[in-house]
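Source file start.cif; content: mmCIF, C-alpha atoms and all ligand atoms.
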```
data_structure
loop_
_atom_site.label_atom_id
_atom_site.label_comp_id
_atom_site.auth_asym_id
_atom_site.auth_seq_id
_atom_site.Cartn_x
_atom_site.Cartn_y
_atom_site.Cartn_z
CA MET A 118 -3.14 -21.48 21.22
CA GLN A 119 -3.38 -19.68 24.53
CA GLU A 120 -5.01 -16.33 23.95
CA THR A 121 -3.36 -13.44 25.71
CA PRO A 122 -4.63 -9.86 25.98
CA ALA A 123 -1.80 -8.86 23.66
CA THR A 124 -2.91 -11.14 20.83
CA THR A 125 -6.52 -10.06 21.25
CA LEU A 126 -5.45 -6.46 21.00
CA SER A 127 -3.37 -7.03 17.92
CA ARG A 128 -6.13 -8.93 16.16
CA ARG A 129 -8.65 -6.17 16.76
CA LEU A 130 -6.22 -3.37 16.03
CA LEU A 131 -5.30 -5.02 12.77
CA LEU A 132 -8.77 -4.54 11.32
CA ARG A 133 -9.16 -1.00 12.54
CA LEU A 134 -5.68 0.26 11.72
CA ALA A 135 -5.65 -1.40 8.33
CA GLY A 136 -8.84 0.39 7.39
CA ILE A 137 -7.60 3.75 8.60
CA GLY A 138 -4.35 3.43 6.72
CA SER A 139 -5.80 2.23 3.46
CA LEU A 140 -8.28 4.88 2.53
CA GLY A 141 -8.53 8.60 3.06
CA ALA A 142 -12.29 8.21 2.90
CA ALA A 143 -12.37 5.43 5.45
CA ALA A 144 -12.93 7.73 8.39
CA VAL A 145 -15.87 9.38 6.65
CA VAL A 146 -17.41 6.03 5.76
CA ALA A 147 -16.82 4.79 9.27
CA SER A 148 -18.50 7.79 10.83
CA LYS A 149 -21.49 7.17 8.59
CA ALA A 150 -21.49 3.54 9.60
CA ARG A 151 -21.42 4.52 13.24
CA GLY A 152 -24.34 6.89 12.69
CA ALA A 153 -26.32 4.17 10.98
CA ALA A 154 -25.31 1.63 13.56
CA GLN A 155 -26.65 3.69 16.43
CA GLY A 156 -30.14 2.72 15.36
CA TYR A 157 -29.27 -0.87 16.24
CA GLY A 158 -27.20 -0.11 19.30
CA GLY A 159 -29.69 -1.52 21.75
CA HIS A 160 -28.21 0.43 24.67
CA ALA A 161 -31.18 1.66 26.70
CA GLY A 162 -31.36 5.16 28.05
CA PRO A 163 -29.64 8.40 27.09
CA HIS A 164 -25.97 8.37 26.15
CA VAL A 165 -23.50 10.94 27.25
CA ASP A 166 -21.37 12.38 24.47
CA GLY A 167 -18.57 10.07 23.49
CA GLN A 168 -20.06 7.07 25.23
CA ALA A 169 -22.67 6.61 22.51
CA ASP A 170 -19.98 6.82 19.89
CA ARG A 171 -17.79 4.31 21.68
CA HIS A 172 -20.61 1.83 22.09
CA ALA A 173 -21.89 2.20 18.56
CA GLY A 174 -18.36 1.60 17.36
CA HIS A 175 -18.78 -2.07 18.27
CA LEU A 176 -21.14 -2.36 15.32
CA ALA A 177 -19.09 -0.38 12.85
CA GLY A 178 -16.89 -3.42 12.37
CA ALA A 179 -13.93 -3.18 10.04
CA VAL A 180 -13.29 0.47 9.32
CA GLY A 181 -14.11 1.52 5.76
CA ARG A 182 -14.86 -0.72 2.81
CA VAL A 183 -12.75 -3.04 0.73
CA THR A 184 -11.54 -1.44 -2.50
CA SER A 185 -12.64 -4.29 -4.73
CA LEU A 186 -15.36 -6.88 -4.55
CA ASP A 187 -14.04 -9.49 -6.93
CA PRO A 188 -15.62 -11.87 -6.45
CA ASP A 189 -18.50 -10.11 -4.74
CA PRO A 190 -19.69 -12.06 -1.67
CA SER A 191 -23.25 -10.91 -2.42
CA VAL A 192 -23.01 -12.58 -5.85
CA TYR A 193 -21.32 -15.70 -4.49
CA LEU A 194 -24.22 -16.05 -2.03
CA ARG A 195 -26.69 -17.06 -4.76
CA SER A 196 -24.39 -18.57 -7.42
CA PHE A 197 -24.62 -22.29 -8.20
CA ASN A 198 -22.67 -24.09 -10.94
CA PHE A 199 -21.26 -20.78 -12.26
CA SER A 200 -24.76 -19.29 -12.67
CA HIS A 201 -23.28 -15.83 -12.11
CA LEU A 202 -21.46 -15.96 -15.46
CA PRO A 203 -22.92 -15.08 -18.88
CA PRO A 204 -23.91 -18.27 -20.80
CA ASN A 205 -20.87 -18.30 -23.11
CA GLU A 206 -18.40 -17.90 -20.29
CA ARG A 207 -20.31 -20.29 -18.06
CA ALA A 208 -20.02 -23.02 -20.69
CA ARG A 209 -16.22 -22.90 -20.30
CA PHE A 210 -16.51 -24.09 -16.71
CA TYR A 211 -19.79 -26.03 -16.55
CA ARG A 212 -21.71 -28.26 -18.93
CA GLU A 213 -24.62 -30.64 -18.35
CA THR A 214 -25.56 -33.54 -20.62
CA PRO A 215 -28.56 -35.89 -20.15
CA ILE A 216 -27.61 -39.53 -19.51
CA ALA A 217 -29.72 -42.60 -18.64
CA ASP A 218 -32.70 -42.52 -16.25
CA GLY A 219 -33.18 -38.76 -16.42
CA LYS A 220 -29.85 -38.12 -14.76
CA LEU A 221 -27.26 -35.61 -15.87
CA LEU A 222 -23.56 -35.73 -16.54
CA ARG A 223 -22.24 -32.55 -14.94
CA GLU A 224 -18.80 -31.52 -16.15
CA TYR A 225 -16.73 -28.87 -14.41
CA GLU A 226 -13.47 -27.16 -15.08
CA ILE A 227 -11.76 -26.17 -11.85
CA TYR A 228 -8.30 -24.65 -11.70
CA ALA A 229 -6.09 -23.74 -8.79
CA VAL A 230 -4.39 -20.37 -9.02
CA ASP A 231 -2.51 -18.14 -6.56
CA ARG A 232 -4.24 -14.82 -6.12
CA GLU A 233 -4.14 -11.93 -3.66
CA ILE A 234 -7.58 -11.13 -2.30
CA GLU A 235 -8.82 -8.27 -0.10
CA ILE A 236 -10.46 -9.82 2.97
CA ALA A 237 -10.96 -6.62 4.99
CA PRO A 238 -10.38 -2.96 4.15
CA GLY A 239 -6.70 -2.70 3.27
CA VAL A 240 -5.95 -6.28 4.33
CA PHE A 241 -4.69 -8.27 1.35
CA PHE A 242 -4.21 -11.99 1.75
CA PRO A 243 -2.00 -14.11 -0.52
CA ALA A 244 -4.62 -16.76 -1.21
CA TRP A 245 -4.54 -20.03 -3.06
CA THR A 246 -7.86 -20.22 -4.89
CA TYR A 247 -10.09 -22.40 -7.02
CA ASN A 248 -10.99 -20.41 -10.14
CA GLY A 249 -9.67 -17.20 -8.61
CA GLN A 250 -12.23 -17.04 -5.83
CA VAL A 251 -12.50 -17.85 -2.11
CA PRO A 252 -14.59 -19.85 -1.41
CA GLY A 253 -14.33 -21.75 -4.68
CA PRO A 254 -17.39 -21.99 -6.92
CA THR A 255 -20.40 -23.77 -5.42
CA LEU A 256 -20.91 -27.08 -7.25
CA ARG A 257 -24.40 -28.55 -7.31
CA ALA A 258 -25.81 -31.84 -8.59
CA THR A 259 -28.82 -34.06 -7.98
CA GLU A 260 -28.33 -37.40 -6.26
CA GLY A 261 -27.31 -40.01 -8.84
CA ASP A 262 -25.92 -37.51 -11.35
CA ARG A 263 -22.47 -38.21 -12.74
CA VAL A 264 -19.93 -35.57 -11.71
CA ARG A 265 -16.79 -35.11 -13.78
CA VAL A 266 -14.31 -32.45 -12.69
CA ARG A 267 -11.27 -31.61 -14.77
CA PHE A 268 -8.82 -30.09 -12.32
CA LEU A 269 -5.86 -28.05 -13.56
CA ASN A 270 -3.22 -26.95 -11.12
CA GLN A 271 -2.00 -23.53 -12.23
CA GLY A 272 -0.78 -22.70 -8.74
CA SER A 273 2.72 -22.75 -7.31
CA HIS A 274 2.27 -25.78 -5.01
CA PRO A 275 0.86 -29.31 -5.39
CA HIS A 276 -2.92 -29.32 -4.86
CA THR A 277 -5.88 -31.69 -5.12
CA LEU A 278 -9.64 -31.77 -4.97
CA HIS A 279 -11.00 -33.84 -2.12
CA PHE A 280 -14.79 -34.22 -2.20
CA HIS A 281 -16.94 -35.24 0.72
CA GLY A 282 -19.42 -37.92 -0.43
CA TRP A 283 -19.31 -41.46 -1.78
CA HIS A 284 -16.48 -42.17 -4.22
CA PRO A 285 -13.78 -44.79 -4.91
CA PRO A 286 -10.38 -44.32 -3.22
CA GLN A 287 -8.56 -43.26 -6.37
CA MET A 288 -10.90 -40.24 -6.53
CA ASP A 289 -10.16 -39.14 -2.98
CA GLY A 290 -7.43 -36.59 -3.68
CA SER A 291 -5.79 -37.24 -0.33
CA MET A 292 -2.83 -39.60 -0.77
CA PRO A 293 0.74 -38.73 -1.84
CA GLU A 294 0.08 -40.31 -5.26
CA HIS A 295 -3.00 -38.09 -5.68
CA GLN A 296 -1.09 -34.81 -5.56
CA VAL A 297 -1.50 -32.81 -8.74
CA GLN A 298 1.78 -31.01 -9.42
CA PRO A 299 1.88 -27.42 -10.70
CA GLY A 300 1.12 -27.50 -14.42
CA ASP A 301 -0.51 -30.94 -14.23
CA GLU A 302 -4.16 -31.94 -14.30
CA PHE A 303 -6.44 -34.73 -13.08
CA VAL A 304 -10.03 -35.74 -13.82
CA TYR A 305 -12.20 -36.67 -10.83
CA GLU A 306 -15.31 -38.67 -11.64
CA PHE A 307 -17.98 -40.14 -9.37
CA ASP A 308 -21.73 -40.34 -8.81
CA ALA A 309 -23.18 -37.59 -6.63
CA GLU A 310 -24.36 -39.19 -3.40
CA PRO A 311 -25.70 -39.04 -0.80
CA PHE A 312 -27.93 -35.99 -1.08
CA GLY A 313 -26.92 -33.35 1.39
CA LEU A 314 -24.66 -30.41 1.92
CA HIS A 315 -21.04 -31.35 1.41
CA LEU A 316 -17.82 -29.59 0.63
CA TYR A 317 -14.68 -29.98 -1.38
CA HIS A 318 -11.21 -28.83 -0.46
CA CYS A 319 -7.55 -29.36 -1.22
CA HIS A 320 -6.00 -32.32 0.61
CA ALA A 321 -2.29 -31.63 0.02
CA VAL A 322 0.02 -31.41 3.02
CA PRO A 323 0.31 -29.54 5.29
CA LEU A 324 -3.47 -29.88 5.16
CA LYS A 325 -4.48 -27.02 7.42
CA ARG A 326 -2.32 -24.59 5.45
CA HIS A 327 -3.71 -25.66 2.09
CA ILE A 328 -7.29 -25.38 3.29
CA HIS A 329 -6.80 -22.15 5.17
CA LYS A 330 -5.15 -20.49 2.16
CA GLY A 331 -8.55 -20.60 0.43
CA LEU A 332 -8.86 -23.96 -1.34
CA TYR A 333 -12.41 -24.99 -0.44
CA GLY A 334 -15.98 -24.70 -1.65
CA ALA A 335 -19.52 -25.96 -1.11
CA PHE A 336 -20.79 -29.09 -2.85
CA ILE A 337 -24.56 -29.43 -2.76
CA VAL A 338 -26.28 -32.68 -3.72
CA ASP A 339 -30.03 -32.24 -4.05
CA PRO A 340 -32.44 -35.07 -3.21
CA PRO A 341 -33.99 -36.72 -6.31
CA GLY A 342 -37.27 -34.84 -5.86
CA GLY A 343 -35.55 -31.60 -4.90
CA ARG A 344 -36.40 -29.49 -1.87
CA PRO A 345 -39.33 -27.07 -1.59
CA PRO A 346 -38.81 -23.84 -3.58
CA ALA A 347 -36.92 -21.26 -1.54
CA ASP A 348 -34.58 -18.30 -1.69
CA GLU A 349 -31.29 -20.17 -1.40
CA LEU A 350 -28.07 -18.79 0.05
CA VAL A 351 -24.61 -20.28 0.54
CA MET A 352 -22.67 -19.12 3.58
CA VAL A 353 -19.20 -20.54 4.11
CA MET A 354 -17.80 -19.61 7.51
CA ASN A 355 -14.10 -18.93 6.95
CA ALA A 356 -11.19 -17.14 8.55
CA PHE A 357 -7.69 -15.95 7.68
CA ASP A 358 -4.40 -16.11 9.53
CA THR A 359 -2.89 -12.97 8.05
CA ASN A 360 0.43 -13.14 9.92
CA PHE A 361 0.81 -16.93 9.74
CA ASP A 362 1.09 -17.41 13.50
CA GLY A 363 -1.45 -20.25 13.58
CA ASP A 364 -4.25 -17.97 14.78
CA ASN A 365 -6.89 -16.17 12.72
CA GLU A 366 -7.04 -12.40 12.50
CA VAL A 367 -10.05 -12.04 10.19
CA TYR A 368 -13.34 -13.98 10.26
CA ALA A 369 -16.24 -13.85 7.84
CA VAL A 370 -18.91 -15.66 5.96
CA ASN A 371 -17.81 -15.79 2.34
CA THR A 372 -14.43 -14.18 2.95
CA VAL A 373 -14.93 -10.40 3.26
CA ALA A 374 -15.06 -9.18 6.89
CA HIS A 375 -18.34 -7.48 7.79
CA HIS A 376 -19.42 -7.39 4.14
CA HIS A 377 -23.08 -7.94 4.99
CA LEU A 378 -23.06 -5.13 7.54
CA HIS A 379 -22.58 -2.84 4.54
CA ALA A 380 -24.58 -4.92 2.07
CA PRO A 381 -27.38 -6.63 4.01
CA VAL A 382 -28.71 -9.87 2.57
CA ALA A 383 -32.07 -8.94 1.00
CA VAL A 384 -34.88 -11.40 1.74
CA ARG A 385 -38.69 -11.33 1.52
CA VAL A 386 -41.03 -11.47 4.49
CA GLY A 387 -42.89 -14.80 4.54
CA GLU A 388 -40.76 -16.45 1.85
CA LEU A 389 -38.93 -19.68 2.67
CA VAL A 390 -35.22 -18.91 3.02
CA ARG A 391 -32.76 -21.80 2.87
CA ILE A 392 -29.19 -21.23 4.01
CA TYR A 393 -26.43 -23.71 3.20
CA VAL A 394 -23.93 -23.20 6.03
CA VAL A 395 -20.46 -24.75 5.77
CA ASN A 396 -17.71 -24.34 8.36
CA VAL A 397 -14.19 -24.39 6.93
CA THR A 398 -12.58 -22.23 9.63
CA GLU A 399 -9.10 -23.53 10.42
CA PHE A 400 -7.22 -23.11 13.74
CA ASP A 401 -10.45 -22.73 15.77
CA LEU A 402 -12.21 -25.94 16.75
CA LEU A 403 -15.69 -24.52 16.48
CA ASN A 404 -17.67 -21.85 14.72
CA SER A 405 -21.34 -20.95 15.01
CA PHE A 406 -24.25 -19.25 13.30
CA HIS A 407 -26.69 -17.17 15.31
CA LEU A 408 -29.70 -15.32 13.91
CA HIS A 409 -31.53 -12.57 15.79
CA GLY A 410 -35.28 -12.29 16.29
CA MET A 411 -36.25 -15.67 14.96
CA PHE A 412 -35.63 -19.40 14.84
CA PHE A 413 -34.66 -21.76 12.04
CA ASP A 414 -35.05 -25.46 11.29
CA VAL A 415 -31.79 -27.39 11.08
CA PHE A 416 -31.04 -30.21 8.61
CA ARG A 417 -27.65 -31.49 9.74
CA THR A 418 -25.43 -32.30 6.77
CA GLY A 419 -28.64 -32.01 4.73
CA THR A 420 -28.95 -35.79 4.54
CA ARG A 421 -32.56 -35.94 5.77
CA LEU A 422 -35.67 -34.15 4.59
CA GLU A 423 -37.04 -33.80 8.12
CA THR A 424 -35.65 -31.21 10.48
CA SER A 425 -33.80 -32.52 13.49
CA GLU A 426 -33.83 -29.36 15.53
CA THR A 427 -35.32 -25.86 15.72
CA THR A 428 -33.00 -23.29 17.22
CA ASP A 429 -31.46 -19.84 16.81
CA THR A 430 -27.83 -20.86 17.27
CA LEU A 431 -26.01 -23.61 15.43
CA MET A 432 -22.57 -24.89 16.34
CA LEU A 433 -20.36 -26.58 13.73
CA CYS A 434 -16.95 -28.20 14.01
CA GLN A 435 -14.37 -27.82 11.22
CA GLY A 436 -15.78 -29.42 8.08
CA GLU A 437 -19.31 -29.72 9.45
CA ARG A 438 -22.25 -28.18 7.64
CA ALA A 439 -26.00 -27.84 7.91
CA ILE A 440 -28.97 -26.58 5.92
CA LEU A 441 -31.09 -24.00 7.74
CA GLU A 442 -34.64 -23.04 6.80
CA THR A 443 -36.72 -20.15 8.08
CA ARG A 444 -39.24 -17.49 7.12
CA PHE A 445 -38.83 -13.87 8.18
CA ARG A 446 -41.94 -12.83 10.05
CA TYR A 447 -41.26 -9.09 10.27
CA PRO A 448 -39.77 -6.55 7.89
CA GLY A 449 -36.54 -4.91 8.93
CA ARG A 450 -32.94 -5.72 9.73
CA PHE A 451 -31.94 -8.87 11.53
CA MET A 452 -28.39 -9.38 12.66
CA PHE A 453 -26.60 -12.69 12.13
CA HIS A 454 -23.16 -13.57 13.42
CA ALA A 455 -20.97 -16.13 15.12
CA HIS A 456 -21.98 -16.39 18.74
CA GLN A 457 -18.28 -16.42 19.59
CA SER A 458 -18.21 -12.65 20.13
CA GLU A 459 -14.54 -12.47 19.23
CA PHE A 460 -15.24 -13.89 15.75
CA ALA A 461 -18.14 -11.47 15.30
CA GLU A 462 -15.99 -8.47 16.14
CA LEU A 463 -13.27 -9.66 13.78
CA GLY A 464 -15.60 -9.77 10.79
CA TRP A 465 -18.15 -12.56 11.14
CA MET A 466 -21.27 -10.45 11.47
CA GLY A 467 -23.90 -9.16 9.05
CA PHE A 468 -27.51 -8.20 8.51
CA PHE A 469 -30.47 -9.66 6.72
CA GLU A 470 -32.86 -7.02 5.42
CA ALA A 471 -36.40 -8.41 5.15
CA ARG A 472 -38.87 -6.56 2.97
CA GLU A 473 -42.54 -7.16 2.41
CA ALA A 474 -43.19 -9.22 -0.72
CA ALA A 475 -44.25 -7.02 -3.65
CA ALA A 476 -47.97 -6.99 -4.47
CA PRO A 477 -48.88 -9.08 -7.55
CA GLY A 478 -48.10 -7.11 -10.70
CA ALA A 479 -46.03 -4.52 -8.85
CA PRO A 480 -42.39 -4.05 -9.76
CA ALA A 481 -40.11 -6.17 -7.62
CU CU B 1 -3.39 -27.41 -1.81
#
```
Is it possible to express this structure as structure tokens?
Ligand SMILES: [Cu+2]
Amino acid sequence: MQETPATTLSRRLLLRLAGIGSLGAAAVVASKARGAAQGYGGHAGPHVDGQADRHAGHLAGAVGRVTSLDPDPSVYLRSFNFSHLPPNERARFYRETPIADGKLLREYEIYAVDREIEIAPGVFFPAWTYNGQVPGPTLRATEGDRVRVRFLNQGSHPHTLHFHGWHPPQMDGSMPEHQVQPGDEFVYEFDAEPFGLHLYHCHAVPLKRHIHKGLYGAFIVDPPGGRPPADELVMVMNAFDTNFDGDNEVYAVNTVAHHHLHAPVAVRVGELVRIYVVNVTEFDLLNSFHLHGMFFDVFRTGTRLETSETTDTLMLCQGERAILETRFRYPGRFMFHAHQSEFAELGWMGFFEAREAAAPGAPA
């Protein structure tokens, strides 16, 4: 769509006005955020009154905070196969059983359900979700494992699960005969291959609407010998068309605009950090991931164990994904965001906070 100054204005105003209207405390929080942000302003030289505030406001992002973090993007970041749930509850959605050759049968219960989610302060989006969350739960297997997913459609529209990876056509979830009607269920079963970073999403029509409403998640297939130990993070680049005009108003990683400006991603200096980056942004052809102050190794689609590229900015088309590896060299805050500045200002921006590793025996 042709972008006009008017649409740009309305997209930006949406975030700011929504925050102001939603919370009495928003202005207070925002002024604190601006104060904190000034330390990262990067504008050289003295500011005159007002100018400093205006400039620092670029970093304040969405005004205020969302009123609920359910699910919490900071928890989603490091959750694999429902690991965020207590064991009893987890067993309802995920079970693993040894089969031949040291492989596992991994059984999942995934359900589609309509649910309103708060994607920016005061901005509620009528999402279609897997298991009540956007993105859906991160599923993870080792190459050669058997994956069995019981899918129940408790939503109001026909939905499916379409996995990227090797599988027979009847497991593809893409054809008219594959649609799972509201109230119905279907069992998807296939061997997890090839190793890499994949995704799953609904493949009902109209496709872009079903995906954009929130029906997607990361699907990680580990190589048989695994990857080197690391602090592992899942970042799904997503966006929301809140007024259904075919253009996104809110951008993020893991749904909540500017969440990691308020809750920086804690990492350790010197430790290997592995980021699973998936782009499911609809309506924009491209999205990108840029990290300040350092470089990362790229493993495109995660299908090789050798890096193909070392860079600080990665570009991904819709549906593309890559594994990134790096080590933070210095303690402190490092910004990460889409290098499309418009996306960054509309929510797709955050901080890592690197801390020195604790001395042996010291509390973490
Ligand atoms: Cu759907």
Gap from atom CA of Ile328 of chain A to atom CA of Tyr305 of chain A - Å, one decimal: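 Separation between atom CA of Ile328 of chain A and atom CA of Tyr305 of chain A: 18.7 Å.
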Polymer residues at most 12 Å from Phe361 of chain A, only C-alpha atoms, same-chain spacing of 4 or more positions, as a PyMOL selection string: chain A and resi 242-243+325-326+329-330+357+365-367+399-400
Distance of atom CA of Phe303 of chain A from atom CA of Thr277 of chain A, expressed in Å to one decimal place: 8.5 Å
Pull the closest atom pair for each residue of chain A that gets at most 7 Å from ligand CU 1 (chain B), along with the distance in Å to one decimal, counting all atoms listed in the file, ordering rows by chain and then ascending residue number, as JSON lines.
```
{"residue": "A:His274", "atom": "CA", "partner": "B:CU1", "partner_atom": "CU", "distance": 6.7}
{"residue": "A:Pro275", "atom": "CA", "partner": "B:CU1", "partner_atom": "CU", "distance": 5.9}
{"residue": "A:His276", "atom": "CA", "partner": "B:CU1", "partner_atom": "CU", "distance": 3.6}
{"residue": "A:Thr277", "atom": "CA", "partner": "B:CU1", "partner_atom": "CU", "distance": 6.0}
{"residue": "A:Cys319", "atom": "CA", "partner": "B:CU1", "partner_atom": "CU", "distance": 4.6}
{"residue": "A:His320", "atom": "CA", "partner": "B:CU1", "partner_atom": "CU", "distance": 6.1}
{"residue": "A:Ala321", "atom": "CA", "partner": "B:CU1", "partner_atom": "CU", "distance": 4.7}
{"residue": "A:His327", "atom": "CA", "partner": "B:CU1", "partner_atom": "CU", "distance": 4.3}
{"residue": "A:Ile328", "atom": "CA", "partner": "B:CU1", "partner_atom": "CU", "distance": 6.7}
{"residue": "A:Leu332", "atom": "CA", "partner": "B:CU1", "partner_atom": "CU", "distance": 6.5}
```
Interatomic distance (Å, one decimal) between atom CA of Arg472 of chain A and atom CA of Val390 of chain A: 12.9 Å
Write out as CSV the residues of segment 262-318 of chain A that have any atom within 12 Å of an atom of segment 203-226 of chain A, one row each with the nearest atom pair and its distance in Å to one decimal, counting only C-alpha atoms, sorted by chain and then rising number.
```
residue,atom,partner,partner_atom,distance
A:Asp262,CA,A:Leu221,CA,5.1
A:Arg263,CA,A:Leu222,CA,4.7
A:Val264,CA,A:Arg223,CA,5.0
A:Arg265,CA,A:Glu224,CA,4.7
A:Val266,CA,A:Tyr225,CA,4.7
A:Arg267,CA,A:Glu226,CA,5.0
A:Phe268,CA,A:Glu226,CA,6.2
A:Leu269,CA,A:Glu226,CA,7.8
A:Asn270,CA,A:Glu226,CA,11.0
A:Leu278,CA,A:Glu226,CA,11.8
A:Glu302,CA,A:Glu226,CA,10.5
A:Phe303,CA,A:Glu226,CA,10.5
A:Val304,CA,A:Glu226,CA,9.3
A:Tyr305,CA,A:Tyr225,CA,9.7
A:Glu306,CA,A:Glu224,CA,9.1
A:Phe307,CA,A:Leu222,CA,10.1
A:Asp308,CA,A:Leu222,CA,9.2
A:Ala309,CA,A:Arg223,CA,9.8
```
Contacts of Glu473 of chain A at 8 Å (all atoms listed in the file; same-chain gap of 5+ positions) as a list in words: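 So the residues in contact are Arg385, Val386, Gly387 and Pro448 of chain A.
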Show me a table, sorted first by chain and then by increasing residue number, of the residues of segment 280-383 of chain A having an atom at most 9 Å from segment 456-470 of chain A, each with its shortest atom pair and the distance in Å to one decimal, counting only C-alpha atoms and written as a tab-separated table.
```
residue	atom	partner	partner_atom	distance
A:Met354	CA	A:Trp465	CA	7.9
A:Asn355	CA	A:Trp465	CA	8.6
A:Ala356	CA	A:Trp465	CA	8.7
A:Glu366	CA	A:Leu463	CA	6.9
A:Val367	CA	A:Leu463	CA	5.4
A:Tyr368	CA	A:Gly464	CA	4.8
A:Ala369	CA	A:Trp465	CA	4.0
A:Val370	CA	A:Trp465	CA	6.1
A:Val373	CA	A:Gly464	CA	7.6
A:Ala374	CA	A:Gly464	CA	4.0
A:His375	CA	A:Gly464	CA	4.7
A:His376	CA	A:Gly467	CA	6.9
A:His377	CA	A:Gly467	CA	4.3
A:Leu378	CA	A:Gly467	CA	4.4
A:His379	CA	A:Gly467	CA	7.9
A:Ala380	CA	A:Phe468	CA	7.8
A:Pro381	CA	A:Phe468	CA	4.8
A:Val382	CA	A:Phe469	CA	4.5
A:Ala383	CA	A:Glu470	CA	4.9
```
Option closest in space to Thr259 of chain A, from A:Arg182, A:Ile337, A:His315, A:Phe241 [counting all atoms listed in the file]: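 Once distances to Thr259 of chain A are computed over all atoms listed in the file, the minimum belongs to A:Ile337.
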Within 7 Å of Glu442 of chain A using only C-alpha atoms, minus same-chain residues under 5 positions, as a list in words: Leu389, Val390, Arg391, Ile392, Phe413, Asp414 and Val415 of chain A
Residue with smallest distance to Thr420 of chain A - pool A:Arg438, A:Glu294, A:Glu235, A:Leu433, counting all atoms listed in the file: A:Arg438
Of the listed residues A:Phe312, A:Phe412, A:Phe336, A:Phe445, that which approaches Pro254 of chain A most closely, counting all atoms listed in the file: A:Phe336
Pop segment 456-460 of chain A out of the structure in the block and write all heavy atoms as a short mmCIF file (atom, residue, chain, number, x, y, z; two decimals), in the first residue's frame.
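Dumped to decode.cif:
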```
data_model
loop_
_atom_site.label_atom_id
_atom_site.label_comp_id
_atom_site.auth_asym_id
_atom_site.auth_seq_id
_atom_site.Cartn_x
_atom_site.Cartn_y
_atom_site.Cartn_z
N HIS A 456 15.61 -2.62 11.46
CA HIS A 456 16.30 -1.47 10.90
C HIS A 456 15.40 -0.66 9.98
O HIS A 456 15.79 0.38 9.45
CB HIS A 456 17.61 -1.86 10.20
CG HIS A 456 18.69 -0.84 10.42
ND1 HIS A 456 18.58 0.45 9.97
CD2 HIS A 456 19.86 -0.91 11.10
CE1 HIS A 456 19.66 1.14 10.32
NE2 HIS A 456 20.45 0.34 11.02
N GLN A 457 14.16 -1.12 9.79
CA GLN A 457 13.14 -0.25 9.21
C GLN A 457 12.69 0.64 10.36
O GLN A 457 11.98 0.19 11.27
CB GLN A 457 11.94 -1.07 8.68
CG GLN A 457 12.25 -1.84 7.41
CD GLN A 457 12.61 -3.28 7.70
OE1 GLN A 457 13.21 -3.61 8.73
NE2 GLN A 457 12.25 -4.18 6.81
N SER A 458 13.11 1.90 10.35
CA SER A 458 12.89 2.78 11.51
C SER A 458 11.41 2.89 11.87
O SER A 458 11.05 3.00 13.03
CB SER A 458 13.45 4.17 11.21
OG SER A 458 14.78 4.06 10.78
N GLU A 459 10.57 2.84 10.86
CA GLU A 459 9.12 2.93 11.10
C GLU A 459 8.66 1.78 12.00
O GLU A 459 7.90 1.99 12.94
CB GLU A 459 8.38 2.89 9.75
CG GLU A 459 6.87 2.97 9.85
CD GLU A 459 6.37 4.40 10.07
OE1 GLU A 459 7.19 5.32 10.06
OE2 GLU A 459 5.17 4.56 10.26
N PHE A 460 9.14 0.57 11.71
CA PHE A 460 8.74 -0.58 12.54
C PHE A 460 9.24 -0.39 13.97
O PHE A 460 8.55 -0.71 14.94
CB PHE A 460 9.34 -1.89 11.99
CG PHE A 460 8.88 -2.28 10.61
CD1 PHE A 460 8.01 -1.50 9.86
CD2 PHE A 460 9.35 -3.47 10.05
CE1 PHE A 460 7.61 -1.88 8.59
CE2 PHE A 460 8.96 -3.86 8.78
CZ PHE A 460 8.10 -3.07 8.04
#
```
